[in-house]
Amino acid sequence: MTNTIEITKANTSKIHDVDFDNLSFGKVFSDHMFVCDFKNGEWQKPEITPYAPLTLDPSARVFHYGQAVFEGMKAFKDEANNVWLFRPEDNLERINKSAERLAIPAFPKDVFMEGLKALVKLDEAWVQPGFGNSLYIRPFVIATEPAIAASPALEYKFLIICSPAQSYYSGDVRVLIAEQFSRSANGGVGYAKAAGNYAAQFYPTSLANQEGFQQIIWTDADTHEFLEEAGTMNVFFRINDTLVTAPTSERILDGITRKSIIQIAKDSGIAVDVRPIKVSELVEASKNGSLKEVFGSGTAAVVSPISAFSYKGDLFEIPKMDNNFSSIFKEKLLNIQYNKSEDPYGWRQSI
Ligand code: COI
């Protein structure tokens with residue numbers, strides 16, 4: 001396969017129809033998309049085309065067996081109108097890890113990086129300036145082969161689409177701690193960004209929504225005693241002045257924002273304890289006042305404070321603190337992402 005990307009530009013831009021001050025997450029898409037097909041045992045010539053619907057055979061395996069994986073990443077614009085990506089190679093590495101678990105062929109890194117940068121460059125007007133504005137980038141792979149045998153497809157599409165974004169959650173997030181449903185299990189696909197992992201959360205999360213909670217914090221499937229992740233976010237707990245978060249495992253997504261926060265916290269002199277944490281410990285810490293903060297982290301959610309959690313019918317409010325960790329981490333992270341500070345880690349990448 002040659003890496004030269006064939007680019008077909010859109011005749012007109014939709015950008016003038018967009019109200020960038022009132023975006024709901026993931027509903028508006030930029031003018032172009034990246035597409036690359038896999039057939040005859042290899043990835044074919046990559047293309048950037050005008051954003052448009054796909055035509056797929058109704059028997060495409062993705063519709064029947066959910067053979068699909070995705071990623072979430074963002075582009076940011078600095079005050080001089082330069083556009084930056086954040087740790088993009090980590091997303092490629094993770095989508096290929098997810099792909100392996102779903103028996104999908106890996107996508108080549110050089111084609112991904114070239115395609116990603118060319119796409120974001122072409123649609124750079126969609127990366128709005130200003131803190132809090134970004135272009136959410138969604139790479140994904142679907143099994144397109146028209147065949148409904150329950151086995152891995154022989155044909156796939158790798159796509160990248162882009163959506164201008166502001167915050168994912170408006171306001172603080174209230175969460176329910178899972179007691180019955182589970183998100184993932186040992187030996188399962190919890191660590192992968194498999195499409196079905198998210199669909200399987202919709203029903204329990206909609207029940208939680210009816211009770212006034214935006215998200216569920218999932219617990220381990222065996223005992224429901226250990227806190228894991230929130231599905232769209234990893235979760236952190238501040239107990240006294242220590243930051244505690246569950247270790248990643250085959251059940252938990254290895255969040256890029258999560259690992260960036262851990263690094264920033266350590267380098268800010270904050271004690272970080274990556275260890276299994278029990279729901280009973282959280283309840284106890286809330287009762288005795290040592291639980292100072294709970295927050296989620298993710299590409300879409302950035303750093304989202306959690307203001308209350310519910311467990312076994314009891315509601316635990318988390319009082320707001322001055323100088324909270326979540327604001328410190330959010331600011332340090334955004335400063336790196338928006339090129340407002342030094343990036344000692346080499347996370348920021350120009351397009
Ligand atoms: C992300 O943060 O990029 C995610 O994948 C969460 C998403 C399902 C909106």
# chains A, B, ... in the order shown; residues from 1 in each chain; ligands from 1
>>> residues_near_ligand(ligand="ligand 1", cutoff="9 Å", atoms="only C-alpha atoms and all ligand atoms", output="ChimeraX atom specification")
/A:25-26,70-74,136-138,168,193,195,198,231-233,255,257,297-302
>>> select_by_dssp(residues="range 95-313 of chain A", states="helix (DSSP H, G or I)", output="ChimeraX atom specification")
/A:95-101,109-122,124-126,195-210,256-267,279-288
>>> write_last_selection(atoms="C-alpha atoms", output="PDB file, in the first residue's frame")
ATOM      1  CA  ILE A  95      -7.192   1.103  18.697  1.00  0.00           C
ATOM      2  CA  ASN A  96      -4.872  -1.628  17.486  1.00  0.00           C
ATOM      3  CA  LYS A  97      -5.024  -3.322  20.896  1.00  0.00           C
ATOM      4  CA  SER A  98      -8.803  -3.113  20.786  1.00  0.00           C
ATOM      5  CA  ALA A  99      -8.775  -4.360  17.187  1.00  0.00           C
ATOM      6  CA  GLU A 100      -6.669  -7.382  18.103  1.00  0.00           C
ATOM      7  CA  ARG A 101      -9.213  -8.391  20.761  1.00  0.00           C
ATOM      8  CA  LYS A 109       0.871   3.790  12.250  1.00  0.00           C
ATOM      9  CA  ASP A 110       2.380   5.861   9.434  1.00  0.00           C
ATOM     10  CA  VAL A 111      -0.870   5.892   7.432  1.00  0.00           C
ATOM     11  CA  PHE A 112      -2.830   6.785  10.557  1.00  0.00           C
ATOM     12  CA  MET A 113      -0.564   9.685  11.476  1.00  0.00           C
ATOM     13  CA  GLU A 114      -0.422  11.018   7.959  1.00  0.00           C
ATOM     14  CA  GLY A 115      -4.181  10.653   7.411  1.00  0.00           C
ATOM     15  CA  LEU A 116      -5.035  12.168  10.773  1.00  0.00           C
ATOM     16  CA  LYS A 117      -2.823  15.200  10.286  1.00  0.00           C
ATOM     17  CA  ALA A 118      -3.970  15.747   6.692  1.00  0.00           C
ATOM     18  CA  LEU A 119      -7.626  15.535   7.749  1.00  0.00           C
ATOM     19  CA  VAL A 120      -7.256  17.915  10.685  1.00  0.00           C
ATOM     20  CA  LYS A 121      -5.247  20.313   8.525  1.00  0.00           C
ATOM     21  CA  LEU A 122      -7.935  20.305   5.856  1.00  0.00           C
ATOM     22  CA  GLU A 124      -8.622  23.203  10.713  1.00  0.00           C
ATOM     23  CA  ALA A 125     -11.249  25.959  10.570  1.00  0.00           C
ATOM     24  CA  TRP A 126     -13.434  23.525  12.529  1.00  0.00           C
ATOM     25  CA  ALA A 195     -18.482  -0.485  20.318  1.00  0.00           C
ATOM     26  CA  GLY A 196     -20.585  -3.060  22.187  1.00  0.00           C
ATOM     27  CA  ASN A 197     -19.010  -2.130  25.529  1.00  0.00           C
ATOM     28  CA  TYR A 198     -20.781   1.195  25.258  1.00  0.00           C
ATOM     29  CA  ALA A 199     -24.117  -0.114  23.942  1.00  0.00           C
ATOM     30  CA  ALA A 200     -24.274  -2.555  26.857  1.00  0.00           C
ATOM     31  CA  GLN A 201     -24.161   0.373  29.285  1.00  0.00           C
ATOM     32  CA  PHE A 202     -27.052   2.273  27.735  1.00  0.00           C
ATOM     33  CA  TYR A 203     -29.856   0.362  29.468  1.00  0.00           C
ATOM     34  CA  PRO A 204     -28.447   0.434  33.030  1.00  0.00           C
ATOM     35  CA  THR A 205     -27.345   4.047  32.513  1.00  0.00           C
ATOM     36  CA  SER A 206     -30.820   5.028  31.332  1.00  0.00           C
ATOM     37  CA  LEU A 207     -32.233   3.541  34.557  1.00  0.00           C
ATOM     38  CA  ALA A 208     -29.673   5.596  36.497  1.00  0.00           C
ATOM     39  CA  ASN A 209     -30.658   8.698  34.484  1.00  0.00           C
ATOM     40  CA  GLN A 210     -34.269   8.234  35.565  1.00  0.00           C
ATOM     41  CA  ILE A 256      -4.867   8.450  28.026  1.00  0.00           C
ATOM     42  CA  THR A 257      -6.255  11.296  30.149  1.00  0.00           C
ATOM     43  CA  ARG A 258      -6.018   8.967  33.169  1.00  0.00           C
ATOM     44  CA  LYS A 259      -2.333   8.269  32.685  1.00  0.00           C
ATOM     45  CA  SER A 260      -1.623  11.936  31.912  1.00  0.00           C
ATOM     46  CA  ILE A 261      -3.277  12.963  35.193  1.00  0.00           C
ATOM     47  CA  ILE A 262      -1.291  10.389  37.147  1.00  0.00           C
ATOM     48  CA  GLN A 263       1.919  11.787  35.639  1.00  0.00           C
ATOM     49  CA  ILE A 264       0.924  15.409  36.285  1.00  0.00           C
ATOM     50  CA  ALA A 265      -0.093  14.582  39.869  1.00  0.00           C
ATOM     51  CA  LYS A 266       3.196  12.834  40.623  1.00  0.00           C
ATOM     52  CA  ASP A 267       5.176  15.697  39.125  1.00  0.00           C
ATOM     53  CA  VAL A 279     -16.869   0.779  47.662  1.00  0.00           C
ATOM     54  CA  SER A 280     -16.922   0.291  51.440  1.00  0.00           C
ATOM     55  CA  GLU A 281     -13.741   2.395  51.732  1.00  0.00           C
ATOM     56  CA  LEU A 282     -15.349   5.170  49.692  1.00  0.00           C
ATOM     57  CA  VAL A 283     -18.487   5.116  51.821  1.00  0.00           C
ATOM     58  CA  GLU A 284     -16.396   5.143  55.003  1.00  0.00           C
ATOM     59  CA  ALA A 285     -14.204   7.996  53.699  1.00  0.00           C
ATOM     60  CA  SER A 286     -17.316   9.969  52.804  1.00  0.00           C
ATOM     61  CA  LYS A 287     -18.765   9.413  56.288  1.00  0.00           C
ATOM     62  CA  ASN A 288     -15.579  10.344  58.147  1.00  0.00           C
TER      63      ASN A 288
END
>>> residues_around(residues="range 4-16 of chain A", least_positions_apart="2", cutoff="6 Å", atoms="only C-alpha atoms", output="MDAnalysis selection string")
chainID A and resid 2 18 46:50
>>> residues_around(residues="Ile216 in chain A", least_positions_apart="4", cutoff="7 Å", atoms="only C-alpha atoms", output="VMD selection string")
chain A and resid 175 to 178 205 230
>>> write_last_selection(atoms="all heavy atoms", output="short mmCIF file (atom, residue, chain, number, x, y, z; two decimals), in the first residue's frame")
data_model
loop_
_atom_site.label_atom_id
_atom_site.label_comp_id
_atom_site.auth_asym_id
_atom_site.auth_seq_id
_atom_site.Cartn_x
_atom_site.Cartn_y
_atom_site.Cartn_z
N VAL A 175 -23.30 10.24 40.20
CA VAL A 175 -23.15 8.86 39.73
C VAL A 175 -23.79 7.85 40.69
O VAL A 175 -23.92 8.09 41.89
CB VAL A 175 -21.65 8.46 39.56
CG1 VAL A 175 -20.97 9.32 38.52
CG2 VAL A 175 -20.91 8.54 40.88
N LEU A 176 -24.17 6.74 40.09
CA LEU A 176 -24.72 5.62 40.85
C LEU A 176 -23.64 4.54 40.86
O LEU A 176 -23.00 4.31 39.83
CB LEU A 176 -25.92 5.11 40.05
CG LEU A 176 -26.95 4.24 40.71
CD1 LEU A 176 -27.73 5.06 41.75
CD2 LEU A 176 -27.93 3.74 39.64
N ILE A 177 -23.41 3.90 42.00
CA ILE A 177 -22.41 2.83 42.02
C ILE A 177 -23.11 1.49 41.71
O ILE A 177 -24.13 1.16 42.32
CB ILE A 177 -21.68 2.81 43.36
CG1 ILE A 177 -20.86 4.12 43.44
CG2 ILE A 177 -20.76 1.59 43.48
CD1 ILE A 177 -20.02 4.30 44.64
N ALA A 178 -22.57 0.77 40.74
CA ALA A 178 -23.24 -0.44 40.24
C ALA A 178 -23.32 -1.53 41.31
O ALA A 178 -22.32 -1.86 41.95
CB ALA A 178 -22.49 -0.96 39.02
N THR A 205 -27.56 2.60 32.32
CA THR A 205 -27.35 4.05 32.51
C THR A 205 -28.66 4.80 32.36
O THR A 205 -28.91 5.79 33.06
CB THR A 205 -26.26 4.56 31.54
OG1 THR A 205 -25.09 3.77 31.70
CG2 THR A 205 -25.89 6.02 31.81
N ALA A 230 -16.04 4.52 34.93
CA ALA A 230 -17.40 5.02 34.72
C ALA A 230 -17.91 4.84 33.29
O ALA A 230 -18.94 5.37 32.94
CB ALA A 230 -17.48 6.48 35.14
#
>>> closest_atom_pairs(of="range 112-160 of chain A", to="range 324-348 of chain A", cutoff="10 Å", atoms="only C-alpha atoms", output="tab-separated table")
residue	atom	partner	partner_atom	distance
A:Pro129	CA	A:Tyr338	CA	9.2
A:Gly130	CA	A:Tyr338	CA	8.7
A:Phe131	CA	A:Tyr338	CA	7.4
A:Gly132	CA	A:Leu334	CA	8.3
A:Asn133	CA	A:Tyr338	CA	9.8
A:Ser134	CA	A:Tyr338	CA	9.4
>>> closest_residue(among="A:Ser167, A:Thr144, A:Ser151, A:Ser304", to="Phe38 in chain A", atoms="only C-alpha atoms")
A:Thr144
>>> residues_around(residues="Leu291 in chain A", least_positions_apart="2", cutoff="7 Å", atoms="only C-alpha atoms", output="count of residues only")
7
>>> select_by_dssp(residues="range 49-293 of chain A", states="strand (DSSP E or B)", output="JSON, numbers by chain")
{"A": [49, 50, 60, 68, 69, 70, 73, 74, 75, 76, 77, 83, 84, 85, 86, 134, 135, 136, 137, 138, 139, 140, 141, 142, 143, 146, 156, 157, 158, 159, 160, 161, 162, 163, 164, 165, 173, 174, 175, 176, 177, 194, 215, 216, 217, 219, 226, 227, 229, 234, 235, 236, 237, 238, 239, 242, 243, 244, 245, 249, 252, 271, 272, 273, 274, 278, 291, 292, 293]}
>>> residues_around(residues="Ser182 in chain A", least_positions_apart="5", cutoff="7 Å", atoms="only C-alpha atoms", output="VMD selection string")
chain A and resid 218 to 219 221
>>> write_last_selection(atoms="N, CA, C and O atoms", output="PDB file, in the first residue's frame")
ATOM      1  N   TRP A 218     -18.885   1.646  37.533  1.00  0.00           N
ATOM      2  CA  TRP A 218     -18.968   0.194  37.478  1.00  0.00           C
ATOM      3  C   TRP A 218     -18.074  -0.423  38.539  1.00  0.00           C
ATOM      4  O   TRP A 218     -17.015   0.116  38.861  1.00  0.00           O
ATOM      5  N   THR A 219     -18.538  -1.555  39.046  1.00  0.00           N
ATOM      6  CA  THR A 219     -17.761  -2.295  40.039  1.00  0.00           C
ATOM      7  C   THR A 219     -17.384  -3.647  39.427  1.00  0.00           C
ATOM      8  O   THR A 219     -17.909  -4.003  38.364  1.00  0.00           O
ATOM      9  N   ALA A 221     -17.311  -7.383  38.374  1.00  0.00           N
ATOM     10  CA  ALA A 221     -18.485  -8.212  38.081  1.00  0.00           C
ATOM     11  C   ALA A 221     -18.683  -9.335  39.105  1.00  0.00           C
ATOM     12  O   ALA A 221     -19.802  -9.782  39.325  1.00  0.00           O
TER      13      ALA A 221
END
>>> decode(residues="range 21-162 of chain A", atoms="C-alpha atoms", output="compact mmCIF listing (two decimals), in the first residue's frame")
# COMPACT_ATOMS: atom_id res chain seq x y z
CA ASP A 21 -21.49 28.58 20.97
CA ASN A 22 -24.22 26.00 21.42
CA LEU A 23 -22.86 22.63 20.47
CA SER A 24 -24.19 19.44 21.91
CA PHE A 25 -21.56 16.75 21.93
CA GLY A 26 -21.08 14.75 18.74
CA LYS A 27 -23.95 16.00 16.62
CA VAL A 28 -22.19 18.17 14.05
CA PHE A 29 -19.40 16.89 11.81
CA SER A 30 -16.70 18.65 9.84
CA ASP A 31 -16.50 18.74 6.04
CA HIS A 32 -14.22 15.77 5.43
CA MET A 33 -13.50 12.24 6.59
CA PHE A 34 -10.63 9.77 6.25
CA VAL A 35 -11.47 6.35 4.83
CA CYS A 36 -9.35 3.28 4.21
CA ASP A 37 -10.67 -0.15 3.23
CA PHE A 38 -9.22 -3.51 4.13
CA LYS A 39 -9.65 -6.25 1.55
CA ASN A 40 -7.68 -9.07 -0.05
CA GLY A 41 -5.69 -9.30 3.17
CA GLU A 42 -4.40 -5.71 3.23
CA TRP A 43 -5.28 -2.10 3.83
CA GLN A 44 -5.98 -0.34 0.54
CA LYS A 45 -5.23 3.17 -0.63
CA PRO A 46 -6.29 5.74 2.00
CA GLU A 47 -8.54 8.61 0.99
CA ILE A 48 -9.91 11.83 2.42
CA THR A 49 -13.34 12.56 1.01
CA PRO A 50 -16.22 14.93 1.72
CA TYR A 51 -18.08 13.78 4.87
CA ALA A 52 -20.95 11.62 3.60
CA PRO A 53 -23.11 8.62 4.49
CA LEU A 54 -21.70 5.16 3.79
CA THR A 55 -23.38 2.52 1.70
CA LEU A 56 -23.06 -0.88 3.34
CA ASP A 57 -24.60 -4.23 2.58
CA PRO A 58 -27.27 -5.13 5.17
CA SER A 59 -25.32 -8.32 5.83
CA ALA A 60 -22.14 -6.42 6.80
CA ARG A 61 -20.89 -8.18 9.90
CA VAL A 62 -20.74 -5.04 11.97
CA PHE A 63 -24.55 -4.92 11.99
CA HIS A 64 -24.88 -8.47 13.26
CA TYR A 65 -21.97 -9.07 15.55
CA GLY A 66 -20.78 -5.62 16.50
CA GLN A 67 -17.28 -6.20 15.16
CA ALA A 68 -16.26 -2.58 15.63
CA VAL A 69 -13.76 -0.57 17.68
CA PHE A 70 -13.20 3.15 18.08
CA GLU A 71 -11.07 5.86 19.61
CA GLY A 72 -11.58 9.36 20.96
CA MET A 73 -9.01 12.12 20.62
CA LYS A 74 -8.96 15.88 20.22
CA ALA A 75 -7.31 18.74 18.33
CA PHE A 76 -6.79 22.14 19.99
CA LYS A 77 -6.07 25.60 18.63
CA ASP A 78 -3.65 27.94 20.37
CA GLU A 79 -3.70 31.74 20.44
CA ALA A 80 -1.53 31.92 17.32
CA ASN A 81 -4.00 29.64 15.47
CA ASN A 82 -1.67 26.65 15.48
CA VAL A 83 -3.43 23.32 15.80
CA TRP A 84 -2.21 20.61 18.17
CA LEU A 85 -2.96 16.96 18.77
CA PHE A 86 -2.53 15.27 22.14
CA ARG A 87 -0.64 11.95 22.37
CA PRO A 88 -2.03 10.71 19.03
CA GLU A 89 0.24 7.67 18.83
CA ASP A 90 -1.30 6.41 22.06
CA ASN A 91 -4.71 6.37 20.39
CA LEU A 92 -3.37 4.39 17.45
CA GLU A 93 -1.70 1.94 19.79
CA ARG A 94 -4.93 1.52 21.73
CA ILE A 95 -7.19 1.10 18.70
CA ASN A 96 -4.87 -1.63 17.49
CA LYS A 97 -5.02 -3.32 20.90
CA SER A 98 -8.80 -3.11 20.79
CA ALA A 99 -8.78 -4.36 17.19
CA GLU A 100 -6.67 -7.38 18.10
CA ARG A 101 -9.21 -8.39 20.76
CA LEU A 102 -12.03 -8.14 18.20
CA ALA A 103 -10.02 -10.06 15.54
CA ILE A 104 -9.71 -6.92 13.39
CA PRO A 105 -6.44 -6.33 11.51
CA ALA A 106 -4.12 -3.66 12.92
CA PHE A 107 -3.95 -0.32 11.13
CA PRO A 108 -0.47 0.97 10.10
CA LYS A 109 0.87 3.79 12.25
CA ASP A 110 2.38 5.86 9.43
CA VAL A 111 -0.87 5.89 7.43
CA PHE A 112 -2.83 6.79 10.56
CA MET A 113 -0.56 9.68 11.48
CA GLU A 114 -0.42 11.02 7.96
CA GLY A 115 -4.18 10.65 7.41
CA LEU A 116 -5.04 12.17 10.77
CA LYS A 117 -2.82 15.20 10.29
CA ALA A 118 -3.97 15.75 6.69
CA LEU A 119 -7.63 15.54 7.75
CA VAL A 120 -7.26 17.92 10.69
CA LYS A 121 -5.25 20.31 8.53
CA LEU A 122 -7.94 20.31 5.86
CA ASP A 123 -10.67 20.93 8.44
CA GLU A 124 -8.62 23.20 10.71
CA ALA A 125 -11.25 25.96 10.57
CA TRP A 126 -13.43 23.52 12.53
CA VAL A 127 -10.98 23.66 15.45
CA GLN A 128 -12.35 26.72 17.16
CA PRO A 129 -10.00 28.88 19.20
CA GLY A 130 -10.60 29.43 22.89
CA PHE A 131 -10.12 27.36 26.03
CA GLY A 132 -12.74 24.63 26.15
CA ASN A 133 -13.25 24.46 22.40
CA SER A 134 -11.79 21.52 20.53
CA LEU A 135 -12.29 19.25 17.58
CA TYR A 136 -13.25 15.81 18.83
CA ILE A 137 -11.75 13.18 16.53
CA ARG A 138 -13.31 9.77 16.20
CA PRO A 139 -11.26 7.07 14.48
CA PHE A 140 -13.17 3.79 14.14
CA VAL A 141 -13.12 0.46 12.35
CA ILE A 142 -16.12 -1.54 11.21
CA ALA A 143 -16.45 -5.00 9.67
CA THR A 144 -17.98 -4.39 6.26
CA GLU A 145 -17.79 -7.80 4.64
CA PRO A 146 -21.26 -8.88 3.47
CA ALA A 147 -21.47 -12.22 5.25
CA ILE A 148 -23.37 -13.28 8.34
CA ALA A 149 -21.38 -16.27 9.44
CA ALA A 150 -20.33 -15.61 13.03
CA SER A 151 -16.63 -15.29 12.34
CA PRO A 152 -14.20 -12.43 11.73
CA ALA A 153 -14.82 -10.42 8.58
CA LEU A 154 -12.41 -10.38 5.67
CA GLU A 155 -13.24 -6.74 4.86
CA TYR A 156 -13.18 -3.62 7.03
CA LYS A 157 -13.36 0.14 6.83
CA PHE A 158 -11.14 2.39 8.95
CA LEU A 159 -12.59 5.89 9.18
CA ILE A 160 -11.83 9.13 10.98
CA ILE A 161 -14.58 11.70 11.46
CA CYS A 162 -14.38 14.99 13.37
